[in-house]
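What follows is one structure encoded as structure tokens, with my remarks underneath.
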Amino acid sequence: MKKSVFLGTLAASALLAGFASAATLDDVKARGELICGVNTGLTGFAAPDANGNWQGFDVAICKAVAAAVLGDASKVKYVPTTGETRFTALASGEIDMLARNTTWTFSRDADLKFTFTGVNYYDGQGFMVKKDLGVSSAKELDGATVCIQTGTTTELNLADFFKVNNMSYQPVAIQTNAEGEQQYLAGACDAYTTDASGLAATRAVFADPENHIILPEIISKEPLGPLVRHGDDQWADINRWVLNALIAAEEFGVTSANVEELSKGTENPEVNRILGTEGDLGAMIGLDKEWGKRAIAAEGNYGEIFAKYLGESTPIGLARGLNAQWTQGGLLYTPPFR
Amino acid sequence: MATAADTPRESFRLGMLIYDTRYRSITIQTIVVILAMAGVWWLYDNLMANLTALDKTPSFSFLWNRAGYDINQTLIPYTNDDTHLRAMLVGLVNTILVAVLGCVAATVVGVIVGVLRLSKNWLVARLMTVYVEGFRNVPVLLWILVIFAVLTEITPQPRDFKVTDEMIAAGEEPAASMILLDTVAITNRGTFVPAALYERSLGEIKIGFLPISLNTLAILAVIVGSILGYRAIKKHATAVQEATGIRPVTWWKSLLVLFGPIIVLLLALGFHLEIPTLGGFNFTGGILVSNALMALWLGLTLYTAAFIAEIVRAGIMAISKGQSEASFALGLRPGRTMSLIILPQALRVIIPPLISQYLNLTKNSSLAIAVSYMDLRGTLGGITLNQTGRELECMLILMLTYLALSLLISSGMNVYNNAVKLKER
């Protein structure tokens with residue numbers, strides 16, 4: 001690739017700046033900081049808490065990667081991205097990874113040149129309406145005005161859903177979840193549609209969550225997961241296996257509480273390999289032996305993260321559903337650490 | 001006889017390109033042009049090399065793919081089965097709509113404010129100053145957002161218009177009701193106004209992608225014809241007055257010519273109004289003027305009008321005081337002095353900067369995205385760009401389209417400028 005000083009003067013070069021060097025891992029290590037693209041604010045997934053610290057399900061993935069790579073879960077710089085800006089931010093190298101409830105699709109993978117490193121939440125698109133609207137099914141939404149985040153897969157699903165059911169609607173394109181919330185509450189749209197988990201998270205921060213219902217129809221498959229740029233397989237592997245480590249940790253009962261103790265050695269060789277007491281999996285992805293241990297210690301295993309930010313004890317109150325371990329009837333199933 | 005041919009011709013040497021003043025400027029210009037072209041080529045080559053490395057070779061074929069998304073304001077037929085190109089055209093038409101509405105309204109408001117700011121009435125002049133300074137010095141995006149917020153927050157929801165049997169039984173009034181003889185509903189989604197419908201259609205013709213109803217064309221033709229007829233009557237009356245000194249009575253002829261044909265045509269076409277009615281979630285029937293369009297239009301208008309007002313004021317003040325004094329000496333009242341003497345001369349000063357304001361307004365209309373108005377930036381530069389990931393291509397088309405639009409506006413305005421500018425013979 002040609003290097004150039006003037007590249008910056010060209011508007012389009014913003015898309016390309018990050019490609020001057022291929023090894024994201026080296027960049028991150030040299031910088032001493034992981035730059036992670038997250039949502040502009042979706043409670044439970046990624047939102048700043050009262051002290052301005054980012055918290056959430058997606059944020060926890062960023063922290064786990066930072067812990068595995070840099071040894072410190074706090075060395076993450078969060079870049080809030082909208083549905084519109086997220087891909088440009090990742091493609092341009094402005095961010096090292098994107099963990100922003102982003103749906104894994106064929107064209108995003110192949111055409112936009114991204115690598116999805118796994119699925120951290122199996123979701124589907126739903127609708128939220130006010131209870132007093134008297135609607136109990138999405139099929140009754142004929143003629144409704146629907147708020148929709150632009151630049152998302154939900155936008156296309158929505159068009160398909162209404163078309164298939166021979167109904168009409170008025171789309172109102174909004175930029176961020178906050179804007180959608182405001183428009184929906186002001187009554188500028190009858191229904192708000194996004195991923196069902198996003199709806200639950202949005203509803204949780206309403207003053208009167210009991211007056212809003214999420215309609216039973218789930219109109220699409222939305223496997224949400226973190227992603228990185230094409231072309232840096234090592235970096236993609238690190239991201240993929242950090243996520244897998246979190247999921248496997250839950251399966252094998254490794255938690256943030258017992259990880260220190262278990263890393264002294266266990267009966268289970270797979271746990272030993274994850275925690276670095278046996279074999280040297282870390283070296284294969286350019287990290288040290290204890291990467292897995294640090295990733296799990298950061299925010300706990302997948303189950304702990306889910307329970308902490310989205311689970312039934314939180315205001316969002318999502319059940320594990322599809323996101324349970326395969327042993328519990330869910331879809332979470334990691335390839336073996338071997 | 002000595003001729004020029006007899007003088008010994010100095011042979012051309014390469015050094016002359018630099019040391020001979022006859023050639024020097026050409027040499028320098030040539031070098032600069034070559035350097036500039038090389039620079040552009042280098043940037044282009046760089047871009048292509050980088051895009052290739054990214055595996056993203058530029059291609060515009062996505063324009064012919066199915067768009068798959070819906071747009072809430074479509075002035076030309078569009079469904080989500082249409083192509084991205086069509087979606088782009090829908091956006092372009094929306095951009096042009098708001099630009100035209102904005103330019104017209106901003107001119108009207110701007111001229112009025114500009115004239116009033118020069119008023120001798122202290123209060124009026126100060127009020128106009130406050131308006132101009134207030135709008136000119138706050139970013140237009142903020143005005144658009146404020147107006148949008150006001151429109152969506154203070155207006156009632158469509159369901160506030162609902163009248164149920166229980167409410168009638170209890171003698172309650174609905175929270176909101178329609179205005180203007182129950183024909184117009186102002187809601188927090190937009191204003192629903194009656195639509196014109198015809199029982200008989202003359203068919204429609206297609207100009208490119210734009211289907212045009214022959215009914216509309218016929219009505220436009222009749223209106224233009226009526227105005228021409230009205231002018232002919234007035235011209236005739238003036239001619240008679242000049243010849244005989246008596247102006248013939250024309251008011252009934254004028255009325256007949258102005259309104260007769262159009263009424264006959266509308267009756268023949270079976271014209272009626274479709275009044276919006278509340279059905280389901282929204283009003284159905286009629287035309288929805290969305291709050292996004294309203295907010296954008298008002299915001300752009302009020303903002304640009306503040307600049308136009310200053311341009312108009314400058315134009316008026318550029319006319320020497322002697323002109324108005326002479327006009328007053330002839331016994332013309334201030335209003336007529338302004339419209340007959342001052343403004344026509346001021347136009348020469350006003351038009352050139354006014355063109356810039358029109359261009360600004362048109363380009364500022366891309367702020368539409370802030371209020372979810374689906375203009376060119378919203379469709380091509382927003383949803384299409386996001387769904388296809390073709391940033392470079394979309395932005396290039398976007399830039400070229402705005403460039404073409406601006407050049408069209410300025411060339412049109414230049415024609416007008418040539419018509420009003422000082423004719424020097």
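Identifiers in this document derive from the order of the structure tokens: chains are assigned A, B, ..., residues are numbered from 1 separately in each chain, and ligands are numbered from 1 in order of occurrence.
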
Any idea which chain B residues end up within 9 Å of chain A if we count only C-alpha atoms, as a VMD selection string please? chain B and resid 43 46 to 47 49 to 51 53 to 56 67 to 73 80 152 to 153 156 to 159 187 to 189 279 to 282 284 369 to 374 378 382 to 392 395

Neighbours of Arg320 of chain A within 9 Å (only C-alpha atoms; same-chain residues fewer than 4 positions away dropped), as a ChimeraX atom specification? /A:303,306-307,310-312,324-325,330

Please, could you write that set of residues out with C-alpha atoms as a CSV table (one decimal), in the first residue's frame?
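Done, and the output landed in selection01.csv:
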chain,number,residue,atom,x,y,z
A,303,GLY,CA,-23.3,-15.9,32.4
A,306,PHE,CA,-25.5,-11.4,31.2
A,307,ALA,CA,-26.9,-11.6,34.8
A,310,LEU,CA,-29.3,-7.8,31.2
A,311,GLY,CA,-30.6,-10.6,33.4
A,312,GLU,CA,-33.8,-11.0,35.2
A,324,ALA,CA,-28.3,-20.0,27.3
A,325,GLN,CA,-25.5,-22.6,27.1
A,330,GLY,CA,-29.6,-22.4,24.3

Near Gln125 of chain A, within 7 Å and counting only C-alpha atoms, which residues show up once chain neighbours fewer than 5 positions away are dropped, as an MDAnalysis selection string? chainID A and resid 154 193:196 218:220 222

Generate the output file for the selected residues, N, CA and C atoms, as a PDB file, in the first residue's frame.
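Heads up, here's the output in out.pdb:
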ATOM      1  N   THR A 154     -32.698  -3.594  10.819  1.00  0.00           N
ATOM      2  CA  THR A 154     -34.110  -3.530  11.211  1.00  0.00           C
ATOM      3  C   THR A 154     -34.923  -2.708  10.217  1.00  0.00           C
ATOM      4  N   THR A 193     -39.452   0.292  16.749  1.00  0.00           N
ATOM      5  CA  THR A 193     -38.958  -1.051  16.445  1.00  0.00           C
ATOM      6  C   THR A 193     -37.441  -1.083  16.450  1.00  0.00           C
ATOM      7  N   THR A 194     -36.911  -2.096  17.088  1.00  0.00           N
ATOM      8  CA  THR A 194     -35.484  -2.397  17.041  1.00  0.00           C
ATOM      9  C   THR A 194     -35.337  -3.810  17.585  1.00  0.00           C
ATOM     10  N   ASP A 195     -34.123  -4.242  17.874  1.00  0.00           N
ATOM     11  CA  ASP A 195     -33.953  -5.576  18.424  1.00  0.00           C
ATOM     12  C   ASP A 195     -34.728  -5.689  19.744  1.00  0.00           C
ATOM     13  N   ALA A 196     -35.306  -6.833  19.994  1.00  0.00           N
ATOM     14  CA  ALA A 196     -36.139  -6.999  21.191  1.00  0.00           C
ATOM     15  C   ALA A 196     -35.367  -6.672  22.465  1.00  0.00           C
ATOM     16  N   ILE A 218     -41.641 -11.609  16.776  1.00  0.00           N
ATOM     17  CA  ILE A 218     -40.225 -11.355  16.514  1.00  0.00           C
ATOM     18  C   ILE A 218     -40.073 -11.564  15.016  1.00  0.00           C
ATOM     19  N   ILE A 219     -39.735 -10.505  14.302  1.00  0.00           N
ATOM     20  CA  ILE A 219     -39.868 -10.585  12.847  1.00  0.00           C
ATOM     21  C   ILE A 219     -38.563 -10.911  12.127  1.00  0.00           C
ATOM     22  N   SER A 220     -37.498 -11.121  12.873  1.00  0.00           N
ATOM     23  CA  SER A 220     -36.244 -11.410  12.164  1.00  0.00           C
ATOM     24  C   SER A 220     -35.274 -12.148  13.076  1.00  0.00           C
ATOM     25  N   GLU A 222     -31.603 -11.773  14.508  1.00  0.00           N
ATOM     26  CA  GLU A 222     -30.572 -10.754  14.663  1.00  0.00           C
ATOM     27  C   GLU A 222     -29.454 -11.301  15.547  1.00  0.00           C
TER      28      GLU A 222
END

Using only C-alpha atoms, determine which residues lie at most 12 Å from Glu299 of chain A, disregarding the query and same-chain residues fewer than 3 positions distant; provide the list as a ChimeraX atom specification. /A:55-68,72-74,246,249,254-257,259,293-296,302-309

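We find atom CA of Thr238 of chain B and atom CA of Ile341 of chain B to be spaced 21.5 Å apart.
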
As an exercise, work out the distance from atom CA of Ile319 of chain B to atom CA of Val115 of chain B in Å and give it to one decimal place. 13.2 Å

DSSP-assigned alpha helix (DSSP H) among segment 164-288 of chain A, expressed as a PDB file with N, CA and C atoms, in the first residue's frame:
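Everything below was put into result_30.pdb:
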ATOM      1  N   VAL A 164     -44.836  -8.112   3.339  1.00  0.00           N
ATOM      2  CA  VAL A 164     -45.319  -9.490   3.361  1.00  0.00           C
ATOM      3  C   VAL A 164     -46.736  -9.549   3.916  1.00  0.00           C
ATOM      4  N   ASN A 177     -30.695   5.737  19.596  1.00  0.00           N
ATOM      5  CA  ASN A 177     -31.746   5.201  20.444  1.00  0.00           C
ATOM      6  C   ASN A 177     -32.398   6.301  21.277  1.00  0.00           C
ATOM      7  N   ALA A 178     -31.580   7.274  21.716  1.00  0.00           N
ATOM      8  CA  ALA A 178     -32.117   8.363  22.533  1.00  0.00           C
ATOM      9  C   ALA A 178     -33.147   9.166  21.755  1.00  0.00           C
ATOM     10  N   GLU A 179     -32.829   9.398  20.473  1.00  0.00           N
ATOM     11  CA  GLU A 179     -33.754  10.162  19.643  1.00  0.00           C
ATOM     12  C   GLU A 179     -35.047   9.371  19.434  1.00  0.00           C
ATOM     13  N   GLY A 180     -34.894   8.062  19.238  1.00  0.00           N
ATOM     14  CA  GLY A 180     -36.057   7.215  19.038  1.00  0.00           C
ATOM     15  C   GLY A 180     -36.957   7.215  20.262  1.00  0.00           C
ATOM     16  N   GLU A 181     -36.313   7.132  21.427  1.00  0.00           N
ATOM     17  CA  GLU A 181     -37.025   7.162  22.696  1.00  0.00           C
ATOM     18  C   GLU A 181     -37.857   8.434  22.817  1.00  0.00           C
ATOM     19  N   GLN A 182     -37.218   9.554  22.506  1.00  0.00           N
ATOM     20  CA  GLN A 182     -37.872  10.854  22.648  1.00  0.00           C
ATOM     21  C   GLN A 182     -39.060  10.970  21.690  1.00  0.00           C
ATOM     22  N   GLN A 183     -38.841  10.540  20.434  1.00  0.00           N
ATOM     23  CA  GLN A 183     -39.911  10.633  19.433  1.00  0.00           C
ATOM     24  C   GLN A 183     -41.071   9.716  19.808  1.00  0.00           C
ATOM     25  N   TYR A 184     -40.725   8.528  20.284  1.00  0.00           N
ATOM     26  CA  TYR A 184     -41.748   7.554  20.640  1.00  0.00           C
ATOM     27  C   TYR A 184     -42.566   8.055  21.825  1.00  0.00           C
ATOM     28  N   LEU A 185     -41.876   8.582  22.837  1.00  0.00           N
ATOM     29  CA  LEU A 185     -42.589   9.056  24.023  1.00  0.00           C
ATOM     30  C   LEU A 185     -43.426  10.291  23.713  1.00  0.00           C
ATOM     31  N   ALA A 196     -35.306  -6.833  19.994  1.00  0.00           N
ATOM     32  CA  ALA A 196     -36.139  -6.999  21.191  1.00  0.00           C
ATOM     33  C   ALA A 196     -35.367  -6.672  22.465  1.00  0.00           C
ATOM     34  N   SER A 197     -34.083  -7.027  22.480  1.00  0.00           N
ATOM     35  CA  SER A 197     -33.287  -6.717  23.671  1.00  0.00           C
ATOM     36  C   SER A 197     -33.153  -5.208  23.829  1.00  0.00           C
ATOM     37  N   GLY A 198     -32.984  -4.521  22.691  1.00  0.00           N
ATOM     38  CA  GLY A 198     -32.876  -3.067  22.724  1.00  0.00           C
ATOM     39  C   GLY A 198     -34.169  -2.435  23.213  1.00  0.00           C
ATOM     40  N   LEU A 199     -35.290  -3.021  22.808  1.00  0.00           N
ATOM     41  CA  LEU A 199     -36.585  -2.500  23.263  1.00  0.00           C
ATOM     42  C   LEU A 199     -36.710  -2.647  24.771  1.00  0.00           C
ATOM     43  N   ALA A 200     -36.330  -3.831  25.261  1.00  0.00           N
ATOM     44  CA  ALA A 200     -36.418  -4.075  26.702  1.00  0.00           C
ATOM     45  C   ALA A 200     -35.520  -3.098  27.451  1.00  0.00           C
ATOM     46  N   ALA A 201     -34.310  -2.882  26.890  1.00  0.00           N
ATOM     47  CA  ALA A 201     -33.380  -1.963  27.548  1.00  0.00           C
ATOM     48  C   ALA A 201     -33.913  -0.543  27.518  1.00  0.00           C
ATOM     49  N   THR A 202     -34.542  -0.168  26.405  1.00  0.00           N
ATOM     50  CA  THR A 202     -35.091   1.182  26.289  1.00  0.00           C
ATOM     51  C   THR A 202     -36.248   1.369  27.252  1.00  0.00           C
ATOM     52  N   ARG A 203     -37.095   0.349  27.299  1.00  0.00           N
ATOM     53  CA  ARG A 203     -38.270   0.443  28.165  1.00  0.00           C
ATOM     54  C   ARG A 203     -37.856   0.544  29.630  1.00  0.00           C
ATOM     55  N   ALA A 204     -36.755  -0.110  29.962  1.00  0.00           N
ATOM     56  CA  ALA A 204     -36.334  -0.136  31.365  1.00  0.00           C
ATOM     57  C   ALA A 204     -36.055   1.259  31.913  1.00  0.00           C
ATOM     58  N   ASP A 233      -6.166 -11.391  10.499  1.00  0.00           N
ATOM     59  CA  ASP A 233      -6.719 -12.620  11.070  1.00  0.00           C
ATOM     60  C   ASP A 233      -6.308 -12.829  12.522  1.00  0.00           C
ATOM     61  N   GLN A 234      -5.093 -12.385  12.840  1.00  0.00           N
ATOM     62  CA  GLN A 234      -4.635 -12.570  14.220  1.00  0.00           C
ATOM     63  C   GLN A 234      -5.540 -11.801  15.183  1.00  0.00           C
ATOM     64  N   TRP A 235      -5.829 -10.568  14.823  1.00  0.00           N
ATOM     65  CA  TRP A 235      -6.677  -9.730  15.663  1.00  0.00           C
ATOM     66  C   TRP A 235      -8.086 -10.305  15.757  1.00  0.00           C
ATOM     67  N   ALA A 236      -8.578 -10.818  14.623  1.00  0.00           N
ATOM     68  CA  ALA A 236      -9.903 -11.435  14.616  1.00  0.00           C
ATOM     69  C   ALA A 236      -9.911 -12.666  15.525  1.00  0.00           C
ATOM     70  N   ASP A 237      -8.814 -13.451  15.465  1.00  0.00           N
ATOM     71  CA  ASP A 237      -8.725 -14.651  16.313  1.00  0.00           C
ATOM     72  C   ASP A 237      -8.749 -14.282  17.795  1.00  0.00           C
ATOM     73  N   ILE A 238      -8.010 -13.237  18.129  1.00  0.00           N
ATOM     74  CA  ILE A 238      -7.981 -12.815  19.537  1.00  0.00           C
ATOM     75  C   ILE A 238      -9.394 -12.480  20.003  1.00  0.00           C
ATOM     76  N   ASN A 239     -10.093 -11.680  19.189  1.00  0.00           N
ATOM     77  CA  ASN A 239     -11.453 -11.283  19.562  1.00  0.00           C
ATOM     78  C   ASN A 239     -12.383 -12.486  19.661  1.00  0.00           C
ATOM     79  N   ARG A 240     -12.235 -13.392  18.678  1.00  0.00           N
ATOM     80  CA  ARG A 240     -13.120 -14.553  18.651  1.00  0.00           C
ATOM     81  C   ARG A 240     -12.907 -15.422  19.888  1.00  0.00           C
ATOM     82  N   TRP A 241     -11.623 -15.637  20.226  1.00  0.00           N
ATOM     83  CA  TRP A 241     -11.364 -16.587  21.306  1.00  0.00           C
ATOM     84  C   TRP A 241     -11.535 -15.974  22.687  1.00  0.00           C
ATOM     85  N   VAL A 242     -11.444 -14.653  22.769  1.00  0.00           N
ATOM     86  CA  VAL A 242     -11.779 -14.026  24.051  1.00  0.00           C
ATOM     87  C   VAL A 242     -13.264 -14.241  24.334  1.00  0.00           C
ATOM     88  N   LEU A 243     -14.086 -14.014  23.290  1.00  0.00           N
ATOM     89  CA  LEU A 243     -15.524 -14.229  23.469  1.00  0.00           C
ATOM     90  C   LEU A 243     -15.806 -15.699  23.793  1.00  0.00           C
ATOM     91  N   ASN A 244     -15.133 -16.587  23.048  1.00  0.00           N
ATOM     92  CA  ASN A 244     -15.319 -18.020  23.304  1.00  0.00           C
ATOM     93  C   ASN A 244     -14.892 -18.392  24.721  1.00  0.00           C
ATOM     94  N   ALA A 245     -13.808 -17.762  25.184  1.00  0.00           N
ATOM     95  CA  ALA A 245     -13.324 -18.067  26.529  1.00  0.00           C
ATOM     96  C   ALA A 245     -14.377 -17.700  27.575  1.00  0.00           C
ATOM     97  N   LEU A 246     -15.046 -16.548  27.348  1.00  0.00           N
ATOM     98  CA  LEU A 246     -16.076 -16.122  28.303  1.00  0.00           C
ATOM     99  C   LEU A 246     -17.227 -17.120  28.323  1.00  0.00           C
ATOM    100  N   ILE A 247     -17.592 -17.593  27.127  1.00  0.00           N
ATOM    101  CA  ILE A 247     -18.713 -18.526  27.041  1.00  0.00           C
ATOM    102  C   ILE A 247     -18.320 -19.886  27.625  1.00  0.00           C
ATOM    103  N   ALA A 248     -17.102 -20.344  27.243  1.00  0.00           N
ATOM    104  CA  ALA A 248     -16.637 -21.639  27.751  1.00  0.00           C
ATOM    105  C   ALA A 248     -16.487 -21.596  29.267  1.00  0.00           C
ATOM    106  N   ALA A 249     -16.062 -20.442  29.778  1.00  0.00           N
ATOM    107  CA  ALA A 249     -15.876 -20.312  31.221  1.00  0.00           C
ATOM    108  C   ALA A 249     -17.175 -20.599  31.955  1.00  0.00           C
ATOM    109  N   GLU A 250     -18.293 -20.102  31.379  1.00  0.00           N
ATOM    110  CA  GLU A 250     -19.571 -20.367  32.030  1.00  0.00           C
ATOM    111  C   GLU A 250     -19.880 -21.864  31.989  1.00  0.00           C
ATOM    112  N   GLU A 251     -19.603 -22.463  30.814  1.00  0.00           N
ATOM    113  CA  GLU A 251     -19.888 -23.878  30.653  1.00  0.00           C
ATOM    114  C   GLU A 251     -19.115 -24.714  31.677  1.00  0.00           C
ATOM    115  N   VAL A 259     -11.710 -17.811  39.511  1.00  0.00           N
ATOM    116  CA  VAL A 259     -10.725 -17.955  38.449  1.00  0.00           C
ATOM    117  C   VAL A 259      -9.304 -17.979  39.000  1.00  0.00           C
ATOM    118  N   GLU A 260      -9.069 -17.181  40.039  1.00  0.00           N
ATOM    119  CA  GLU A 260      -7.729 -17.117  40.619  1.00  0.00           C
ATOM    120  C   GLU A 260      -7.343 -18.483  41.189  1.00  0.00           C
ATOM    121  N   GLU A 261      -8.302 -19.073  41.877  1.00  0.00           N
ATOM    122  CA  GLU A 261      -8.055 -20.366  42.510  1.00  0.00           C
ATOM    123  C   GLU A 261      -7.895 -21.472  41.467  1.00  0.00           C
ATOM    124  N   LEU A 262      -8.796 -21.457  40.460  1.00  0.00           N
ATOM    125  CA  LEU A 262      -8.749 -22.502  39.440  1.00  0.00           C
ATOM    126  C   LEU A 262      -7.485 -22.415  38.606  1.00  0.00           C
ATOM    127  N   PRO A 269      -8.533 -30.610  31.890  1.00  0.00           N
ATOM    128  CA  PRO A 269      -7.441 -30.076  31.050  1.00  0.00           C
ATOM    129  C   PRO A 269      -7.883 -28.899  30.178  1.00  0.00           C
ATOM    130  N   GLU A 270      -9.167 -28.877  29.765  1.00  0.00           N
ATOM    131  CA  GLU A 270      -9.610 -27.773  28.906  1.00  0.00           C
ATOM    132  C   GLU A 270      -9.598 -26.467  29.691  1.00  0.00           C
ATOM    133  N   VAL A 271     -10.070 -26.533  30.948  1.00  0.00           N
ATOM    134  CA  VAL A 271     -10.027 -25.341  31.794  1.00  0.00           C
ATOM    135  C   VAL A 271      -8.576 -24.904  31.980  1.00  0.00           C
ATOM    136  N   ASN A 272      -7.700 -25.882  32.167  1.00  0.00           N
ATOM    137  CA  ASN A 272      -6.287 -25.554  32.331  1.00  0.00           C
ATOM    138  C   ASN A 272      -5.734 -24.853  31.099  1.00  0.00           C
ATOM    139  N   ARG A 273      -6.176 -25.337  29.918  1.00  0.00           N
ATOM    140  CA  ARG A 273      -5.672 -24.710  28.699  1.00  0.00           C
ATOM    141  C   ARG A 273      -6.185 -23.278  28.565  1.00  0.00           C
ATOM    142  N   ILE A 274      -7.474 -23.068  28.912  1.00  0.00           N
ATOM    143  CA  ILE A 274      -8.036 -21.719  28.830  1.00  0.00           C
ATOM    144  C   ILE A 274      -7.298 -20.788  29.786  1.00  0.00           C
ATOM    145  N   LEU A 275      -7.048 -21.275  30.988  1.00  0.00           N
ATOM    146  CA  LEU A 275      -6.451 -20.412  32.003  1.00  0.00           C
ATOM    147  C   LEU A 275      -4.932 -20.366  31.910  1.00  0.00           C
ATOM    148  N   LEU A 281      -1.717 -21.890  24.518  1.00  0.00           N
ATOM    149  CA  LEU A 281      -2.640 -21.382  23.499  1.00  0.00           C
ATOM    150  C   LEU A 281      -2.409 -19.897  23.241  1.00  0.00           C
ATOM    151  N   GLY A 282      -2.024 -19.174  24.299  1.00  0.00           N
ATOM    152  CA  GLY A 282      -1.852 -17.725  24.161  1.00  0.00           C
ATOM    153  C   GLY A 282      -0.848 -17.371  23.087  1.00  0.00           C
ATOM    154  N   ALA A 283       0.274 -18.101  23.032  1.00  0.00           N
ATOM    155  CA  ALA A 283       1.316 -17.779  22.059  1.00  0.00           C
ATOM    156  C   ALA A 283       0.801 -17.906  20.633  1.00  0.00           C
ATOM    157  N   MET A 284      -0.168 -18.825  20.437  1.00  0.00           N
ATOM    158  CA  MET A 284      -0.680 -19.036  19.077  1.00  0.00           C
ATOM    159  C   MET A 284      -1.438 -17.821  18.561  1.00  0.00           C
TER     160      MET A 284
END

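With atom CA of Val40 of chain B on one side and atom CA of Thr27 of chain B on the other, the separation reads 20.1 Å.
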
Quick check for you: according to DSSP on this backbone, which residues of segment 175-254 of chain B are classed as strand (DSSP E)? Reply as a PDB file with C-alpha atoms, in the first residue's frame.
ATOM      1  CA  ALA B 185     -55.695  18.597  11.223  1.00  0.00           C
ATOM      2  CA  ILE B 186     -52.531  19.769  12.924  1.00  0.00           C
ATOM      3  CA  THR B 187     -50.857  16.856  14.693  1.00  0.00           C
ATOM      4  CA  GLY B 190     -47.535  16.800  10.573  1.00  0.00           C
ATOM      5  CA  THR B 191     -50.392  18.782   9.201  1.00  0.00           C
ATOM      6  CA  PHE B 192     -53.018  16.905   7.250  1.00  0.00           C
ATOM      7  CA  VAL B 193     -54.574  19.095   4.564  1.00  0.00           C
ATOM      8  CA  ALA B 195     -56.059  16.768  -1.271  1.00  0.00           C
ATOM      9  CA  ALA B 196     -57.439  17.687  -4.673  1.00  0.00           C
ATOM     10  CA  LEU B 197     -59.107  14.789  -6.441  1.00  0.00           C
ATOM     11  CA  TYR B 198     -60.704  14.526  -9.859  1.00  0.00           C
ATOM     12  CA  GLU B 204     -50.877  11.043 -17.492  1.00  0.00           C
ATOM     13  CA  ILE B 205     -47.650  11.337 -19.400  1.00  0.00           C
ATOM     14  CA  LYS B 206     -44.229  10.224 -18.314  1.00  0.00           C
ATOM     15  CA  ILE B 207     -41.291  12.550 -18.569  1.00  0.00           C
ATOM     16  CA  LEU B 210     -41.630  11.584 -13.413  1.00  0.00           C
ATOM     17  CA  PRO B 211     -45.258  10.824 -14.205  1.00  0.00           C
ATOM     18  CA  ILE B 212     -47.219  14.029 -14.679  1.00  0.00           C
ATOM     19  CA  SER B 213     -50.977  14.102 -14.510  1.00  0.00           C
TER      20      SER B 213
END

Please list as a VMD selection string every residue within 12 Å of Ala268 of chain B, counting only C-alpha atoms and excluding residues in the same chain fewer than 5 positions away. chain B and resid 198 to 202 215 218 to 219 261 to 263

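Residues with any atom within 8 Å of Ala138 of chain A, counting only C-alpha atoms and excluding same-chain neighbours fewer than 2 positions away, are A:Phe127, A:Val135, A:Ser136, A:Glu140, A:Leu141, A:Leu215, A:Pro216, A:Glu217.
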
Export of the given selection (N, CA and C atoms) as a PDB file, in the first residue's frame:
ATOM      1  N   PHE A 127     -41.432  -5.048  18.240  1.00  0.00           N
ATOM      2  CA  PHE A 127     -42.078  -3.741  18.256  1.00  0.00           C
ATOM      3  C   PHE A 127     -42.489  -3.400  19.682  1.00  0.00           C
ATOM      4  N   VAL A 135     -53.155  -2.300  21.044  1.00  0.00           N
ATOM      5  CA  VAL A 135     -52.644  -3.215  20.029  1.00  0.00           C
ATOM      6  C   VAL A 135     -52.001  -4.400  20.738  1.00  0.00           C
ATOM      7  N   SER A 136     -52.316  -5.614  20.268  1.00  0.00           N
ATOM      8  CA  SER A 136     -51.708  -6.759  20.930  1.00  0.00           C
ATOM      9  C   SER A 136     -50.857  -7.578  19.981  1.00  0.00           C
ATOM     10  N   GLU A 140     -51.456  -5.869  13.707  1.00  0.00           N
ATOM     11  CA  GLU A 140     -52.512  -4.855  13.798  1.00  0.00           C
ATOM     12  C   GLU A 140     -51.963  -3.463  13.551  1.00  0.00           C
ATOM     13  N   LEU A 141     -50.716  -3.384  13.121  1.00  0.00           N
ATOM     14  CA  LEU A 141     -50.078  -2.070  13.010  1.00  0.00           C
ATOM     15  C   LEU A 141     -50.309  -1.403  11.655  1.00  0.00           C
ATOM     16  N   LEU A 215     -44.529  -6.185  21.621  1.00  0.00           N
ATOM     17  CA  LEU A 215     -45.447  -7.101  20.948  1.00  0.00           C
ATOM     18  C   LEU A 215     -44.787  -8.468  20.775  1.00  0.00           C
ATOM     19  N   PRO A 216     -45.604  -9.529  20.760  1.00  0.00           N
ATOM     20  CA  PRO A 216     -45.030 -10.887  20.759  1.00  0.00           C
ATOM     21  C   PRO A 216     -44.252 -11.233  19.486  1.00  0.00           C
ATOM     22  N   GLU A 217     -44.593 -10.613  18.349  1.00  0.00           N
ATOM     23  CA  GLU A 217     -43.925 -11.003  17.102  1.00  0.00           C
ATOM     24  C   GLU A 217     -42.441 -10.642  17.108  1.00  0.00           C
TER      25      GLU A 217
END

Segment 398-408 of chain B environment, 10 Å, only C-alpha atoms, sequence neighbours closer than 4 positions dropped, as an MDAnalysis selection string: chainID B and resid 88 92 95:96 355:356 358:360 362:363 366 376:377 380:381 392:394 412:414
